[in-house]
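Engineer: Below: one structure in structure tokens.
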Amino acid sequence: MQGASKQPQKLTLLILALGVGQIIAWASSYYLLAVLALPMSRSTGWSLGLLVGGLSAGLVAAGLLAPLAGRTIDRRGGRTVLAVSSVVFAMGLAVLATSHSPTTYYLGWVVLGVAMSAGLYDAAFSTLGQLLGANAKRSIAGLTLVAGFASTLGWPALTYLDEAMGWRGALWVAAAFNLLVALPIHLLAIPKHQPRIGASPHPSAAAAAHISTAAPASPAAPPAHWLVLIGLLLTCQAAIMATLSVHLIALLGAIGLAPAVALLAGMVIGPAQVIARLLEMYFGQGVHPTWSARMGIAATLAALLLLLTADPWVAIIAFVIYGAGNGILTVARGTLPLALIGSADYGKTMGQLARPMLLAQAAAPPLAAIALERAGPVWLICLLALLATVSLVGSCWLPAKAQRVHP
């Protein structure tokens with residue numbers, strides 16, 4: 001009984017550890033330029049376009065390497081891959097901190113891209129899927145809830161560090177956090193990978209025993225087109241998210257809304273995401289992930305259509321809806337492949353799905369900038385709504401019954 005009572009404690013510790021690691025990883029990469037781009041531009045004289053291009057280069061590198069990272073998690077476990085990613089994050093940040101030419105700057109982002117392929121959500125989801133099998137849904141929701149504070153904590157911290165010691169000093173501190181906080185967390189909190197003798201790289205039964213009892217993988221292979229459809233809908237949503245993340249203020253300004261309205265609209269996204277993830281965590285256990293994905297996509301589509309009214313209050317409501325939908329979709333990003341494809345080779349599956357998503361995130365903002373300049377905001381919103389519609393239609397071809405992948 002005492003051993004059984006410790007299982008929830010170990011699971012909670014694992015989720016908190018992965019969550020802290022994700023906060024550090026996201027703040028050290030994807031959210032970095034949101035705070036430091038302007039100081040870097042003033043210091044170096046480089047254009048914002050050149051600086052933001054570094055992130056795109058990193059996302060391309062991450063997309064190309066994501067399948068390799070997923071396969072490595074299947075073979076060696078998430079502990080090793082996430083620990084290595086913390087070291088590589090520190091290396092990339094060190095290169096950025098010492099860069100005095102665009103070439104070195106882009107090299108730093110490529111190194112960070114290697115780290116992102118092995119250290120962001122897909123790797124963390126793969127780790128939970130490997131350890132917990134079909135029981136990982138609630139844990140994935142809990143992880144996204146903790147990691148959802150990456151921008152809430154990362155942006156003020158980076159702002160303070162930039163003001164206190166400059167952008168280069170801020171990057172050195174971020175590198176130190178990866179080595180001194182994230183690396184020990186990954187090494188100490190994640191169970192070692194102990195594959196069963198003679199077994200293919202399915203979820204590790206020995207490692208899962210530290211936390212939960214995961215059912216064995218079902219031998220029935222899911223239809224191949226399910227993976228394609230999941231990839232389609234997640235990639236469309238990734239393109240929408242990246243576009244709105246980069247162009248939100250410019251887009252709302254182009255449809256006639258004041259900067260204060262755009263700022264408020266951006267501020268409500270985070271709280272809406274957290275609330276939606278809380279609801280998903282505590283009330284969504286009986287809901288099949290396909291339905292969760294559909295609700296998230298429908299919320300995104302509704303938000304985009306509401307923006308066409310160009311009304312300030314409607315725009316704020318639209319981004320509350322968008323934030324809630326994005327929060328649900330972040331959870332579905334991990335639970336939908338687990339429910340439909342299964343936990344066997346889950347890291348490989350997540351890596352295959354991550355590649356088009358990351359490439360879409362790299363390509364969407366510059367393409368959206370061209371569309372916004374040449375076609376105008378209404379056409380851009382309609383294009384994003386079309387992507388959401390394609391995503392929603394694709395989800396209708398996925399099963400949505402409350403079925404168990406593993407008997």
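To be explicit about the labels: the chains of the structure tokens are called A, B, and onward in the order shown, and within each one the residues are counted from 1, while ligands get numbers from 1 in the order they are shown.
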Please identify all polymer residues within 8 Å of Trp155 of chain A, counting only C-alpha atoms, omitting same-chain residues fewer than 2 positions from it, and present them as a PyMOL selection string.

Structural biologist: chain A and resi 27+31-32+34-35+150-153+157-159

Engineer: List every residue of segment 224-404 of chain A that DSSP, applied to the backbone, labels as helix (DSSP H, G or I), and write the result as a PyMOL selection string.

Structural biologist: chain A and resi 224-254+259-283+289-307+312-340+346-374+377-395

Engineer: Excluding Pro366 of chain A and its own-chain neighbours fewer than 6 positions away, which residues fall within 12 Å of it when counting only C-alpha atoms? Please give them as number ranges by chain.

Structural biologist: A: 49-50, 52-53, 55-56, 239, 242-244, 246-247, 360, 372-373

Engineer: Those same residues, written as a PDB file, in the first residue's frame with C-alpha atoms?

Structural biologist:
ATOM      1  CA  GLY A  49      14.109  40.648 -40.426  1.00  0.00           C
ATOM      2  CA  LEU A  50      17.634  39.249 -40.222  1.00  0.00           C
ATOM      3  CA  VAL A  52      13.857  36.802 -36.893  1.00  0.00           C
ATOM      4  CA  GLY A  53      15.293  34.818 -39.788  1.00  0.00           C
ATOM      5  CA  LEU A  55      14.524  31.641 -35.510  1.00  0.00           C
ATOM      6  CA  SER A  56      13.223  30.389 -38.854  1.00  0.00           C
ATOM      7  CA  ALA A 239       0.913  27.598 -39.409  1.00  0.00           C
ATOM      8  CA  ALA A 242       2.935  30.949 -35.880  1.00  0.00           C
ATOM      9  CA  THR A 243       1.294  33.585 -38.085  1.00  0.00           C
ATOM     10  CA  LEU A 244      -0.800  35.046 -35.284  1.00  0.00           C
ATOM     11  CA  VAL A 246       4.290  37.050 -35.103  1.00  0.00           C
ATOM     12  CA  HIS A 247       1.754  39.281 -36.869  1.00  0.00           C
ATOM     13  CA  ALA A 360       5.275  25.260 -41.211  1.00  0.00           C
ATOM     14  CA  LEU A 372      -0.567  40.943 -45.515  1.00  0.00           C
ATOM     15  CA  GLU A 373       1.399  43.479 -47.550  1.00  0.00           C
TER      16      GLU A 373
END

Engineer: If you take only C-alpha atoms and a cut-off of 9 Å, which residues of segment 14-45 of chain A touch segment 96-117 of chain A, and what are their nearest atom pairs and distances in Å to one decimal, in chain and number order, as JSON lines?

Structural biologist:
{"residue": "A:Ala25", "atom": "CA", "partner": "A:Met116", "partner_atom": "CA", "distance": 7.7}
{"residue": "A:Trp26", "atom": "CA", "partner": "A:Met116", "partner_atom": "CA", "distance": 8.5}
{"residue": "A:Ser28", "atom": "CA", "partner": "A:Leu112", "partner_atom": "CA", "distance": 8.7}
{"residue": "A:Ser29", "atom": "CA", "partner": "A:Leu112", "partner_atom": "CA", "distance": 6.8}
{"residue": "A:Tyr30", "atom": "CA", "partner": "A:Met116", "partner_atom": "CA", "distance": 8.6}
{"residue": "A:Thr44", "atom": "CA", "partner": "A:His100", "partner_atom": "CA", "distance": 7.6}

Engineer: Using only C-alpha atoms, find the one residue out of A:Arg71, A:Ser85, A:Lys137, A:Met357 that sits nearest to Gly286 of chain A.

Structural biologist: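 Comparing A:Arg71, A:Ser85, A:Lys137, A:Met357 against Gly286 of chain A, the winner is A:Lys137.
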
Engineer: Excluding segment 253-261 of chain A and its own-chain neighbours fewer than 4 positions away, which residues fall within 10 Å of it when counting only C-alpha atoms? Please give them as a ChimeraX atom specification.

Structural biologist: /A:247-249,265-267,307-313,315-316,372-373,376-378

Engineer: Using only C-alpha atoms, which residue out of A:Ala175, A:Ala363, A:Met241, A:Ala134 lies closest to Gly323 of chain A?

Structural biologist: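 The closest residue to Gly323 of chain A is A:Met241.
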
Engineer: Would you compute the distance between atom CA of Arg75 of chain A and atom CA of Ala176 of chain A? Give it in Å to one decimal.

Structural biologist: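 Distance reported for this atom pair: 28.6 Å.
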
Engineer: What lies within 6 Å of segment 288-296 of chain A using only C-alpha atoms, ignoring chain neighbours under 2 positions off, as a ChimeraX atom specification?

Structural biologist: /A:298-299,325,328-329,332,336,400,402

Engineer: Output the selection as a CSV table (one decimal), in the first residue's frame - all heavy atoms for each residue.

Structural biologist:
chain,number,residue,atom,x,y,z
A,298,ALA,N,-12.3,24.1,-34.2
A,298,ALA,CA,-13.5,24.9,-34.4
A,298,ALA,C,-13.4,26.2,-33.6
A,298,ALA,O,-13.9,27.3,-34.2
A,298,ALA,CB,-14.8,24.1,-33.8
A,299,ALA,N,-12.8,26.2,-32.5
A,299,ALA,CA,-12.6,27.5,-31.7
A,299,ALA,C,-11.7,28.4,-32.5
A,299,ALA,O,-11.9,29.6,-32.6
A,299,ALA,CB,-12.0,27.2,-30.4
A,325,GLY,N,-9.0,27.5,-27.6
A,325,GLY,CA,-8.8,26.5,-28.6
A,325,GLY,C,-7.4,26.0,-28.7
A,325,GLY,O,-7.1,24.8,-28.9
A,328,ILE,N,-6.4,23.7,-25.9
A,328,ILE,CA,-6.9,22.3,-26.1
A,328,ILE,C,-6.1,21.6,-27.1
A,328,ILE,O,-5.8,20.4,-27.0
A,328,ILE,CB,-8.4,22.4,-26.5
A,328,ILE,CG1,-9.3,22.9,-25.3
A,328,ILE,CG2,-8.9,21.0,-26.9
A,328,ILE,CD1,-10.7,23.2,-25.7
A,329,LEU,N,-5.7,22.3,-28.2
A,329,LEU,CA,-5.0,21.7,-29.3
A,329,LEU,C,-3.6,21.3,-28.8
A,329,LEU,O,-3.0,20.3,-29.4
A,329,LEU,CB,-4.9,22.6,-30.5
A,329,LEU,CG,-6.2,22.6,-31.3
A,329,LEU,CD1,-6.2,23.8,-32.3
A,329,LEU,CD2,-6.3,21.3,-32.1
A,332,ALA,N,-4.1,18.0,-27.3
A,332,ALA,CA,-4.4,17.0,-28.4
A,332,ALA,C,-3.2,16.7,-29.2
A,332,ALA,O,-3.1,15.6,-29.7
A,332,ALA,CB,-5.5,17.6,-29.2
A,336,LEU,N,-3.7,12.9,-29.2
A,336,LEU,CA,-4.4,12.3,-30.4
A,336,LEU,C,-3.6,11.2,-31.0
A,336,LEU,O,-4.1,10.1,-31.3
A,336,LEU,CB,-4.7,13.4,-31.3
A,336,LEU,CG,-5.5,13.1,-32.6
A,336,LEU,CD1,-6.8,12.5,-32.2
A,336,LEU,CD2,-5.7,14.3,-33.5
A,400,ALA,N,-13.7,8.9,-33.6
A,400,ALA,CA,-13.9,9.7,-32.4
A,400,ALA,C,-14.7,8.9,-31.3
A,400,ALA,O,-15.3,9.6,-30.5
A,400,ALA,CB,-14.6,11.0,-32.7
A,402,ALA,N,-15.0,6.5,-28.0
A,402,ALA,CA,-14.2,6.4,-26.7
A,402,ALA,C,-13.6,5.0,-26.6
A,402,ALA,O,-14.1,4.1,-25.9
A,402,ALA,CB,-15.1,6.6,-25.5

Engineer: Mind giving me the straight-line distance from atom CA of Lys401 of chain A to atom CA of Arg333 of chain A in Å, one decimal?

Structural biologist: 17.7 Å

Engineer: Which is closest to Ala37 of chain A among A:Ala182, A:Leu161, A:Leu233, A:Leu51, if we use only C-alpha atoms?

Structural biologist: A:Leu51

Engineer: How many Å lie between atom CA of Asp74 of chain A and atom CA of Ala141 of chain A, rounded to one decimal?

Structural biologist: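 It comes out at 21.2 Å.
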
Engineer: List as a PyMOL selection string the protein and nucleic acid residues near Ala303 of chain A, meaning an atom at most 8 Å away when only C-alpha atoms are counted, but skip any in the same chain fewer than 5 places from it.

Structural biologist: chain A and resi 317-319+321-322

Engineer: Can you tell me which residues surround Leu279 of chain A at a distance of at most 12 Å, considering only C-alpha atoms, apart from same-chain residues fewer than 6 positions away, and format the answer as an mmCIF file with all heavy atoms, in the first residue's frame?

Structural biologist:
data_model
loop_
_atom_site.group_PDB
_atom_site.id
_atom_site.type_symbol
_atom_site.label_atom_id
_atom_site.label_comp_id
_atom_site.auth_asym_id
_atom_site.auth_seq_id
_atom_site.Cartn_x
_atom_site.Cartn_y
_atom_site.Cartn_z
ATOM 1 N N ARG A 138 -3.821 12.339 -19.108
ATOM 2 C CA ARG A 138 -3.927 13.315 -18.023
ATOM 3 C C ARG A 138 -2.569 13.951 -17.726
ATOM 4 O O ARG A 138 -2.468 15.143 -17.440
ATOM 5 C CB ARG A 138 -4.499 12.642 -16.777
ATOM 6 C CG ARG A 138 -4.788 13.598 -15.628
ATOM 7 C CD ARG A 138 -5.300 12.836 -14.412
ATOM 8 N NE ARG A 138 -5.594 13.730 -13.304
ATOM 9 C CZ ARG A 138 -6.766 14.288 -13.065
ATOM 10 N NH1 ARG A 138 -7.775 14.042 -13.891
ATOM 11 N NH2 ARG A 138 -6.947 15.076 -12.025
ATOM 12 N N ALA A 141 -1.756 16.575 -20.301
ATOM 13 C CA ALA A 141 -2.504 17.800 -19.997
ATOM 14 C C ALA A 141 -1.857 18.555 -18.847
ATOM 15 O O ALA A 141 -1.732 19.788 -18.882
ATOM 16 C CB ALA A 141 -3.952 17.459 -19.672
ATOM 17 N N GLY A 142 -1.419 17.827 -17.820
ATOM 18 C CA GLY A 142 -0.754 18.462 -16.688
ATOM 19 C C GLY A 142 0.554 19.118 -17.091
ATOM 20 O O GLY A 142 0.893 20.214 -16.619
ATOM 21 N N LEU A 145 -0.052 22.329 -18.821
ATOM 22 C CA LEU A 145 -0.502 23.331 -17.861
ATOM 23 C C LEU A 145 0.693 24.008 -17.201
ATOM 24 O O LEU A 145 0.758 25.236 -17.095
ATOM 25 C CB LEU A 145 -1.394 22.679 -16.807
ATOM 26 C CG LEU A 145 -1.984 23.609 -15.743
ATOM 27 C CD1 LEU A 145 -2.886 24.643 -16.395
ATOM 28 C CD2 LEU A 145 -2.749 22.796 -14.707
ATOM 29 N N ALA A 272 -6.546 32.303 -21.224
ATOM 30 C CA ALA A 272 -7.533 31.412 -21.853
ATOM 31 C C ALA A 272 -6.947 30.030 -22.096
ATOM 32 O O ALA A 272 -7.635 29.011 -21.924
ATOM 33 C CB ALA A 272 -8.018 32.021 -23.171
ATOM 34 N N GLN A 273 -5.679 29.962 -22.487
ATOM 35 C CA GLN A 273 -5.020 28.676 -22.672
ATOM 36 C C GLN A 273 -4.965 27.896 -21.365
ATOM 37 O O GLN A 273 -5.247 26.692 -21.336
ATOM 38 C CB GLN A 273 -3.596 28.882 -23.201
ATOM 39 C CG GLN A 273 -3.517 29.309 -24.643
ATOM 40 C CD GLN A 273 -2.086 29.531 -25.095
ATOM 41 O OE1 GLN A 273 -1.215 29.859 -24.284
ATOM 42 N NE2 GLN A 273 -1.830 29.373 -26.371
ATOM 43 N N GLN A 285 -11.278 13.693 -19.294
ATOM 44 C CA GLN A 285 -10.753 12.334 -19.326
ATOM 45 C C GLN A 285 -11.649 11.377 -20.100
ATOM 46 O O GLN A 285 -11.177 10.417 -20.698
ATOM 47 C CB GLN A 285 -10.554 11.816 -17.898
ATOM 48 C CG GLN A 285 -9.463 12.557 -17.135
ATOM 49 C CD GLN A 285 -8.149 12.583 -17.885
ATOM 50 O OE1 GLN A 285 -7.555 11.533 -18.138
ATOM 51 N NE2 GLN A 285 -7.684 13.762 -18.268
ATOM 52 N N VAL A 287 -13.423 12.261 -22.703
ATOM 53 C CA VAL A 287 -13.599 12.779 -24.059
ATOM 54 C C VAL A 287 -12.483 12.238 -24.944
ATOM 55 O O VAL A 287 -11.302 12.349 -24.612
ATOM 56 C CB VAL A 287 -13.577 14.325 -24.070
ATOM 57 C CG1 VAL A 287 -13.728 14.851 -25.490
ATOM 58 C CG2 VAL A 287 -14.666 14.872 -23.169
ATOM 59 N N SER A 292 -11.618 16.461 -28.769
ATOM 60 C CA SER A 292 -10.869 17.604 -28.228
ATOM 61 C C SER A 292 -10.226 18.395 -29.352
ATOM 62 O O SER A 292 -10.278 19.631 -29.371
ATOM 63 C CB SER A 292 -9.793 17.107 -27.255
ATOM 64 O OG SER A 292 -10.369 16.447 -26.149
ATOM 65 N N ALA A 324 -8.345 29.610 -25.867
ATOM 66 C CA ALA A 324 -8.904 28.360 -25.334
ATOM 67 C C ALA A 324 -8.713 27.227 -26.330
ATOM 68 O O ALA A 324 -8.314 26.112 -25.959
ATOM 69 C CB ALA A 324 -10.385 28.551 -25.014
ATOM 70 N N GLY A 325 -8.985 27.493 -27.607
ATOM 71 C CA GLY A 325 -8.802 26.457 -28.620
ATOM 72 C C GLY A 325 -7.359 26.025 -28.741
ATOM 73 O O GLY A 325 -7.064 24.830 -28.873
ATOM 74 N N GLY A 327 -5.117 26.147 -26.401
ATOM 75 C CA GLY A 327 -4.780 25.366 -25.212
ATOM 76 C C GLY A 327 -5.221 23.923 -25.339
ATOM 77 O O GLY A 327 -4.481 22.995 -24.974
ATOM 78 N N ILE A 328 -6.425 23.705 -25.862
ATOM 79 C CA ILE A 328 -6.923 22.339 -26.055
ATOM 80 C C ILE A 328 -6.095 21.612 -27.104
ATOM 81 O O ILE A 328 -5.752 20.433 -26.956
ATOM 82 C CB ILE A 328 -8.407 22.377 -26.466
ATOM 83 C CG1 ILE A 328 -9.261 22.941 -25.324
ATOM 84 C CG2 ILE A 328 -8.901 20.989 -26.864
ATOM 85 C CD1 ILE A 328 -10.701 23.190 -25.710
ATOM 86 N N VAL A 331 -2.754 20.103 -25.960
ATOM 87 C CA VAL A 331 -2.914 18.798 -25.309
ATOM 88 C C VAL A 331 -3.182 17.720 -26.358
ATOM 89 O O VAL A 331 -2.587 16.633 -26.328
ATOM 90 C CB VAL A 331 -4.064 18.845 -24.288
ATOM 91 C CG1 VAL A 331 -4.238 17.482 -23.624
ATOM 92 C CG2 VAL A 331 -3.787 19.910 -23.228
#
